[in-house]
>>> print(open('run.txt').read())   # compact mmCIF, C-alpha atoms
# COMPACT_ATOMS: atom_id res chain seq x y z
CA MET A 23 22.59 9.82 -5.93
CA ARG A 24 19.19 11.23 -6.76
CA GLY A 25 16.32 10.98 -4.33
CA ALA A 26 14.10 8.41 -6.12
CA ASN A 27 10.98 10.06 -4.66
CA TYR A 28 7.52 8.94 -5.73
CA ARG A 29 3.99 10.17 -5.10
CA PHE A 30 1.06 7.92 -5.91
CA ARG A 31 -2.67 8.42 -5.60
CA SER A 32 -5.30 5.72 -6.08
CA THR A 33 -9.08 5.80 -5.74
CA TRP A 34 -10.91 2.53 -5.30
CA LEU A 35 -14.69 2.37 -5.61
CA LEU A 36 -16.04 -0.69 -3.80
CA PRO A 37 -19.72 -1.18 -4.71
CA GLY A 38 -22.01 -2.98 -2.29
CA THR A 39 -19.75 -2.42 0.72
CA VAL A 40 -20.01 -0.36 3.88
CA PRO A 41 -17.19 1.92 5.04
CA GLU A 42 -16.83 0.20 8.42
CA ARG A 43 -16.13 -3.18 6.79
CA VAL A 44 -13.66 -1.69 4.29
CA PHE A 45 -11.89 0.18 7.08
CA GLY A 46 -11.60 -3.01 9.14
CA VAL A 47 -10.16 -5.04 6.28
CA VAL A 48 -7.61 -2.45 5.11
CA THR A 49 -6.35 -1.79 8.64
CA ASP A 50 -5.86 -5.54 9.23
CA LEU A 51 -2.41 -5.85 7.66
CA ALA A 52 -2.07 -9.52 8.60
CA GLY A 53 -5.01 -10.28 6.30
CA TYR A 54 -3.58 -8.66 3.15
CA PRO A 55 -2.26 -11.90 1.58
CA ARG A 56 -5.82 -13.27 1.64
CA TRP A 57 -6.99 -10.71 -0.90
CA TRP A 58 -3.90 -9.02 -2.41
CA SER A 59 -1.75 -11.39 -4.45
CA ASP A 60 1.20 -8.98 -4.53
CA VAL A 61 1.52 -9.06 -0.74
CA ARG A 62 3.41 -12.32 -0.34
CA ALA A 63 3.91 -12.33 3.44
CA VAL A 64 3.19 -10.30 6.55
CA ARG A 65 5.07 -10.55 9.83
CA ARG A 66 3.79 -8.85 12.96
CA VAL A 67 6.53 -6.81 14.62
CA ASP A 68 4.44 -5.32 17.45
CA ASP A 69 0.90 -4.06 18.07
CA ASP A 70 1.38 -1.12 15.71
CA THR A 71 3.94 -2.45 13.22
CA ALA A 72 3.98 -5.14 10.54
CA GLU A 73 6.56 -6.05 7.93
CA LEU A 74 5.19 -6.80 4.47
CA VAL A 75 6.98 -8.59 1.65
CA CYS A 76 5.61 -7.46 -1.72
CA ARG A 77 6.34 -8.59 -5.24
CA SER A 78 4.56 -7.54 -8.38
CA ARG A 79 5.53 -8.28 -12.00
CA LEU A 80 9.13 -7.05 -11.85
CA PRO A 81 11.77 -9.54 -10.66
CA PHE A 82 12.43 -8.06 -7.22
CA ARG A 83 10.65 -7.87 -3.92
CA LEU A 84 10.13 -5.00 -1.53
CA VAL A 85 10.26 -5.41 2.22
CA VAL A 86 8.44 -2.58 3.95
CA ARG A 87 7.61 -1.99 7.58
CA MET A 88 4.28 -0.27 8.14
CA HIS A 89 3.90 1.48 11.49
CA ARG A 90 0.45 2.77 12.48
CA ASP A 91 0.63 6.53 12.90
CA HIS A 92 -3.09 7.38 12.94
CA GLN A 93 -6.24 5.25 12.75
CA ASP A 94 -9.74 6.60 13.33
CA GLU A 95 -12.65 4.47 12.16
CA ARG A 96 -15.16 7.24 13.02
CA THR A 97 -13.60 9.63 10.47
CA GLY A 98 -12.41 6.87 8.13
CA LEU A 99 -8.85 8.19 8.19
CA MET A 100 -5.69 6.16 8.56
CA ARG A 101 -1.98 6.78 8.10
CA VAL A 102 1.09 4.57 8.39
CA ARG A 103 4.77 5.41 8.29
CA LEU A 104 6.82 3.26 5.96
CA SER A 105 10.42 2.16 6.41
CA GLY A 106 12.70 -0.38 4.81
CA ASP A 107 12.96 -0.60 1.03
CA LEU A 108 10.58 2.39 0.90
CA ASP A 109 10.51 5.24 3.40
CA GLY A 110 7.60 7.61 3.69
CA VAL A 111 3.90 7.80 4.43
CA LEU A 112 0.82 6.00 3.21
CA ALA A 113 -2.54 7.57 4.03
CA GLY A 114 -6.04 6.31 3.40
CA ALA A 115 -9.53 7.74 3.63
CA VAL A 116 -12.67 5.60 3.61
CA ARG A 117 -16.11 7.08 3.05
CA ALA A 118 -19.56 6.13 1.83
CA ALA A 119 -20.17 6.65 -1.88
CA GLY A 120 -23.65 5.90 -3.15
CA ALA A 121 -24.32 2.19 -2.64
CA GLY A 122 -20.73 1.46 -1.75
CA THR A 123 -17.49 2.78 -0.34
CA LEU A 124 -14.70 4.93 -1.72
CA LEU A 125 -11.13 4.28 -0.57
CA GLU A 126 -8.61 6.98 -1.41
CA ILE A 127 -4.95 6.09 -0.99
CA THR A 128 -1.99 8.45 -1.18
CA GLN A 129 1.62 7.41 -0.90
CA GLU A 130 4.67 9.62 -0.66
CA VAL A 131 7.77 7.47 -0.61
CA GLN A 132 11.47 7.52 -1.22
CA ALA A 133 13.05 4.35 -2.57
CA ARG A 134 15.78 3.03 -0.28
CA LYS A 135 16.36 -0.29 -2.02
CA GLU A 136 19.64 0.11 -3.89
CA LEU A 137 18.33 -1.45 -7.11
CA LEU A 138 15.44 1.04 -7.29
CA ARG A 139 17.72 3.98 -6.56
CA ARG A 140 20.28 2.98 -9.20
CA LEU A 141 17.69 2.38 -11.91
CA ASP A 142 15.38 5.27 -11.08
CA ALA A 143 16.60 7.57 -13.86
CA VAL A 144 15.94 5.04 -16.63
CA ALA A 145 13.28 2.75 -15.16
CA ARG A 146 10.97 5.25 -13.43
CA PRO A 147 8.15 4.80 -15.99
CA LEU A 148 8.41 1.02 -15.57
CA PHE A 149 8.36 1.31 -11.77
CA ARG A 150 5.29 3.56 -11.96
CA ALA A 151 3.52 1.12 -14.32
CA ASN A 152 4.39 -1.78 -12.02
CA HIS A 153 2.92 0.11 -9.08
CA ALA A 154 -0.27 0.85 -11.04
CA LEU A 155 -0.66 -2.86 -11.87
CA MET A 156 -0.11 -3.80 -8.24
CA MET A 157 -2.74 -1.32 -7.09
CA ARG A 158 -5.18 -2.53 -9.75
CA ARG A 159 -4.78 -6.12 -8.49
CA GLY A 160 -5.24 -4.89 -4.92
CA HIS A 161 -8.46 -3.12 -5.89
CA ARG A 162 -9.80 -6.21 -7.67
CA GLY A 163 -8.76 -8.50 -4.83
CA LEU A 164 -10.35 -6.33 -2.17
CA SER A 165 -13.58 -6.01 -4.19
CA ALA A 166 -13.82 -9.78 -4.55
CA TYR A 167 -12.95 -10.40 -0.90
CA LEU A 168 -15.61 -8.00 0.36
CA THR A 169 -18.43 -9.44 -1.76
>>> encode(input="run.txt", output="structure tokens")
Amino acid sequence: MRGANYRFRSTWLLPGTVPERVFGVVTDLAGYPRWWSDVRAVRRVDDDTAELVCRSRLPFRLVVRMHRDHQDERTGLMRVRLSGDLDGVLAGAVRAAGAGTLLEITQEVQARKELLRRLDAVARPLFRANHALMMRRGHRGLSAYLT
């Protein structure tokens, strides 16, 4: 079966925020359901690992473990390893941008959930659109939460 590999890149401009506050909120995984409607639940596994249950518009959920690999508030860089329904890496960079903060997110993942793997060849554009909608809601939710 094909790899079902995806690469995503998102850039979120967060006006009226400071990088330190943005960094603190996005590295607090337990707080995601407060501002990101697609993150339905978070369970702490250990000091560096959390399991997130996500569901966007499509009728399935993803369960992903995020394990802290690198986190440096001074440089604004963070990276987590993903496992579960998605395997791979999610990296973020936070930096000042004018009168606000820029958050750049890159994700390189391989779908492990059987449904995603089976439908990848025909549903890839739908999966990508679903991801874009999820990220857009995350951006809006974080903006509102921070202001």
>>> closest_atom_pairs(input="run.txt", of="stretch 75-149 of chain A", to="stretch 40-49 of chain A", cutoff="8 Å", atoms="only C-alpha atoms", output="JSON lines")
{"residue": "A:Glu95", "atom": "CA", "partner": "A:Phe45", "partner_atom": "CA", "distance": 6.7}
{"residue": "A:Gly98", "atom": "CA", "partner": "A:Phe45", "partner_atom": "CA", "distance": 6.8}
{"residue": "A:Met100", "atom": "CA", "partner": "A:Thr49", "partner_atom": "CA", "distance": 8.0}
{"residue": "A:Val116", "atom": "CA", "partner": "A:Pro41", "partner_atom": "CA", "distance": 6.0}
{"residue": "A:Arg117", "atom": "CA", "partner": "A:Pro41", "partner_atom": "CA", "distance": 5.6}
{"residue": "A:Ala118", "atom": "CA", "partner": "A:Pro41", "partner_atom": "CA", "distance": 5.8}
{"residue": "A:Gly122", "atom": "CA", "partner": "A:Val40", "partner_atom": "CA", "distance": 6.0}
{"residue": "A:Thr123", "atom": "CA", "partner": "A:Pro41", "partner_atom": "CA", "distance": 5.5}
{"residue": "A:Leu124", "atom": "CA", "partner": "A:Pro41", "partner_atom": "CA", "distance": 7.8}
>>> closest_residue(input="run.txt", among="A:Leu148, A:Ala72, A:Pro81, A:Thr97", to="A:Tyr54", atoms="all atoms listed in the file")
A:Ala72
>>> closest_residue(input="run.txt", among="A:Ser59, A:Gly110, A:Arg159, A:Pro37", to="A:Gln129", atoms="all atoms listed in the file")
A:Gly110
>>> closest_residue(input="run.txt", among="A:Gln93, A:Asn152, A:Thr39, A:Thr33", to="A:Tyr167", atoms="all atoms listed in the file")
A:Thr39
>>> axis_aligned_box(input="run.txt", around="stretch 61-72 of chain A", padding_each_side="5 Å", output="lines of an AutoDock Vina configuration file")
center_x = 3.7
center_y = -6.7
center_z = 8.7
size_x = 15.6
size_y = 21.2
size_z = 28.8
>>> atom_distance(input="run.txt", atom1="atom CA of A:Thr71", atom2="atom CA of A:Asp109")
14.1 Å
>>> atom_distance(input="run.txt", atom1="atom CA of A:Ala133", atom2="atom CA of A:Pro147")
14.3 Å
>>> build_atoms(input="run.txt", residues="stretch 59-70 of chain A", atoms="all heavy atoms", output="PDB file, in the frame of the given file")
ATOM      1  N   SER A  59      -2.747 -10.410  -4.007  1.00  0.00           N
ATOM      2  CA  SER A  59      -1.750 -11.390  -4.450  1.00  0.00           C
ATOM      3  C   SER A  59      -0.322 -10.847  -4.438  1.00  0.00           C
ATOM      4  O   SER A  59       0.628 -11.623  -4.345  1.00  0.00           O
ATOM      5  CB  SER A  59      -2.102 -11.901  -5.849  1.00  0.00           C
ATOM      6  OG  SER A  59      -2.101 -10.830  -6.787  1.00  0.00           O
ATOM      7  N   ASP A  60      -0.136  -9.562  -4.528  1.00  0.00           N
ATOM      8  CA  ASP A  60       1.200  -8.980  -4.530  1.00  0.00           C
ATOM      9  C   ASP A  60       1.805  -8.885  -3.129  1.00  0.00           C
ATOM     10  O   ASP A  60       3.012  -8.660  -2.993  1.00  0.00           O
ATOM     11  CB  ASP A  60       1.189  -7.588  -5.166  1.00  0.00           C
ATOM     12  CG  ASP A  60       0.826  -7.651  -6.629  1.00  0.00           C
ATOM     13  OD1 ASP A  60       1.514  -8.373  -7.368  1.00  0.00           O
ATOM     14  OD2 ASP A  60      -0.144  -6.998  -7.039  1.00  0.00           O
ATOM     15  N   VAL A  61       1.004  -9.041  -2.109  1.00  0.00           N
ATOM     16  CA  VAL A  61       1.520  -9.060  -0.740  1.00  0.00           C
ATOM     17  C   VAL A  61       1.769 -10.535  -0.416  1.00  0.00           C
ATOM     18  O   VAL A  61       0.843 -11.297  -0.161  1.00  0.00           O
ATOM     19  CB  VAL A  61       0.552  -8.413   0.270  1.00  0.00           C
ATOM     20  CG1 VAL A  61       1.116  -8.497   1.680  1.00  0.00           C
ATOM     21  CG2 VAL A  61       0.288  -6.960  -0.118  1.00  0.00           C
ATOM     22  N   ARG A  62       3.045 -10.912  -0.448  1.00  0.00           N
ATOM     23  CA  ARG A  62       3.410 -12.320  -0.340  1.00  0.00           C
ATOM     24  C   ARG A  62       3.463 -12.815   1.104  1.00  0.00           C
ATOM     25  O   ARG A  62       3.233 -13.986   1.373  1.00  0.00           O
ATOM     26  CB  ARG A  62       4.762 -12.568  -1.009  1.00  0.00           C
ATOM     27  CG  ARG A  62       4.804 -12.124  -2.469  1.00  0.00           C
ATOM     28  CD  ARG A  62       3.783 -12.908  -3.305  1.00  0.00           C
ATOM     29  NE  ARG A  62       3.660 -12.407  -4.649  1.00  0.00           N
ATOM     30  CZ  ARG A  62       4.327 -12.889  -5.690  1.00  0.00           C
ATOM     31  NH1 ARG A  62       5.175 -13.873  -5.537  1.00  0.00           N
ATOM     32  NH2 ARG A  62       4.144 -12.373  -6.881  1.00  0.00           N
ATOM     33  N   ALA A  63       3.811 -11.926   2.038  1.00  0.00           N
ATOM     34  CA  ALA A  63       3.910 -12.330   3.440  1.00  0.00           C
ATOM     35  C   ALA A  63       3.782 -11.116   4.334  1.00  0.00           C
ATOM     36  O   ALA A  63       4.117  -9.994   3.929  1.00  0.00           O
ATOM     37  CB  ALA A  63       5.257 -13.024   3.697  1.00  0.00           C
ATOM     38  N   VAL A  64       3.287 -11.348   5.535  1.00  0.00           N
ATOM     39  CA  VAL A  64       3.190 -10.300   6.550  1.00  0.00           C
ATOM     40  C   VAL A  64       3.698 -10.887   7.863  1.00  0.00           C
ATOM     41  O   VAL A  64       3.305 -11.988   8.249  1.00  0.00           O
ATOM     42  CB  VAL A  64       1.740  -9.796   6.729  1.00  0.00           C
ATOM     43  CG1 VAL A  64       1.667  -8.748   7.832  1.00  0.00           C
ATOM     44  CG2 VAL A  64       1.185  -9.244   5.426  1.00  0.00           C
ATOM     45  N   ARG A  65       4.560 -10.140   8.522  1.00  0.00           N
ATOM     46  CA  ARG A  65       5.070 -10.550   9.830  1.00  0.00           C
ATOM     47  C   ARG A  65       4.772  -9.443  10.826  1.00  0.00           C
ATOM     48  O   ARG A  65       5.125  -8.286  10.615  1.00  0.00           O
ATOM     49  CB  ARG A  65       6.585 -10.779   9.748  1.00  0.00           C
ATOM     50  CG  ARG A  65       7.193 -11.253  11.067  1.00  0.00           C
ATOM     51  CD  ARG A  65       8.685 -11.507  10.925  1.00  0.00           C
ATOM     52  NE  ARG A  65       9.443 -10.287  10.676  1.00  0.00           N
ATOM     53  CZ  ARG A  65       9.881  -9.454  11.620  1.00  0.00           C
ATOM     54  NH1 ARG A  65       9.599  -9.675  12.901  1.00  0.00           N
ATOM     55  NH2 ARG A  65      10.584  -8.383  11.297  1.00  0.00           N
ATOM     56  N   ARG A  66       4.099  -9.817  11.904  1.00  0.00           N
ATOM     57  CA  ARG A  66       3.790  -8.850  12.960  1.00  0.00           C
ATOM     58  C   ARG A  66       5.063  -8.536  13.726  1.00  0.00           C
ATOM     59  O   ARG A  66       5.762  -9.437  14.184  1.00  0.00           O
ATOM     60  CB  ARG A  66       2.736  -9.440  13.901  1.00  0.00           C
ATOM     61  CG  ARG A  66       2.328  -8.514  15.011  1.00  0.00           C
ATOM     62  CD  ARG A  66       1.263  -9.195  15.877  1.00  0.00           C
ATOM     63  NE  ARG A  66       0.828  -8.332  16.931  1.00  0.00           N
ATOM     64  CZ  ARG A  66       1.342  -8.344  18.164  1.00  0.00           C
ATOM     65  NH1 ARG A  66       2.309  -9.185  18.474  1.00  0.00           N
ATOM     66  NH2 ARG A  66       0.892  -7.515  19.067  1.00  0.00           N
ATOM     67  N   VAL A  67       5.366  -7.248  13.868  1.00  0.00           N
ATOM     68  CA  VAL A  67       6.530  -6.810  14.620  1.00  0.00           C
ATOM     69  C   VAL A  67       6.109  -6.458  16.042  1.00  0.00           C
ATOM     70  O   VAL A  67       6.718  -6.887  17.015  1.00  0.00           O
ATOM     71  CB  VAL A  67       7.235  -5.621  13.932  1.00  0.00           C
ATOM     72  CG1 VAL A  67       8.378  -5.090  14.767  1.00  0.00           C
ATOM     73  CG2 VAL A  67       7.707  -6.025  12.537  1.00  0.00           C
ATOM     74  N   ASP A  68       5.035  -5.657  16.155  1.00  0.00           N
ATOM     75  CA  ASP A  68       4.440  -5.320  17.450  1.00  0.00           C
ATOM     76  C   ASP A  68       3.002  -4.913  17.203  1.00  0.00           C
ATOM     77  O   ASP A  68       2.504  -5.060  16.084  1.00  0.00           O
ATOM     78  CB  ASP A  68       5.255  -4.241  18.192  1.00  0.00           C
ATOM     79  CG  ASP A  68       5.350  -2.920  17.448  1.00  0.00           C
ATOM     80  OD1 ASP A  68       4.358  -2.509  16.795  1.00  0.00           O
ATOM     81  OD2 ASP A  68       6.412  -2.279  17.513  1.00  0.00           O
ATOM     82  N   ASP A  69       2.317  -4.401  18.214  1.00  0.00           N
ATOM     83  CA  ASP A  69       0.900  -4.060  18.070  1.00  0.00           C
ATOM     84  C   ASP A  69       0.624  -3.030  16.984  1.00  0.00           C
ATOM     85  O   ASP A  69      -0.478  -2.996  16.437  1.00  0.00           O
ATOM     86  CB  ASP A  69       0.328  -3.561  19.409  1.00  0.00           C
ATOM     87  CG  ASP A  69       0.183  -4.667  20.424  1.00  0.00           C
ATOM     88  OD1 ASP A  69       0.232  -5.858  20.041  1.00  0.00           O
ATOM     89  OD2 ASP A  69       0.017  -4.351  21.620  1.00  0.00           O
ATOM     90  N   ASP A  70       1.583  -2.186  16.689  1.00  0.00           N
ATOM     91  CA  ASP A  70       1.380  -1.120  15.710  1.00  0.00           C
ATOM     92  C   ASP A  70       2.232  -1.245  14.456  1.00  0.00           C
ATOM     93  O   ASP A  70       2.214  -0.359  13.604  1.00  0.00           O
ATOM     94  CB  ASP A  70       1.671   0.243  16.362  1.00  0.00           C
ATOM     95  CG  ASP A  70       0.640   0.604  17.412  1.00  0.00           C
ATOM     96  OD1 ASP A  70      -0.557   0.361  17.170  1.00  0.00           O
ATOM     97  OD2 ASP A  70       1.039   1.117  18.475  1.00  0.00           O
TER      98      ASP A  70
END
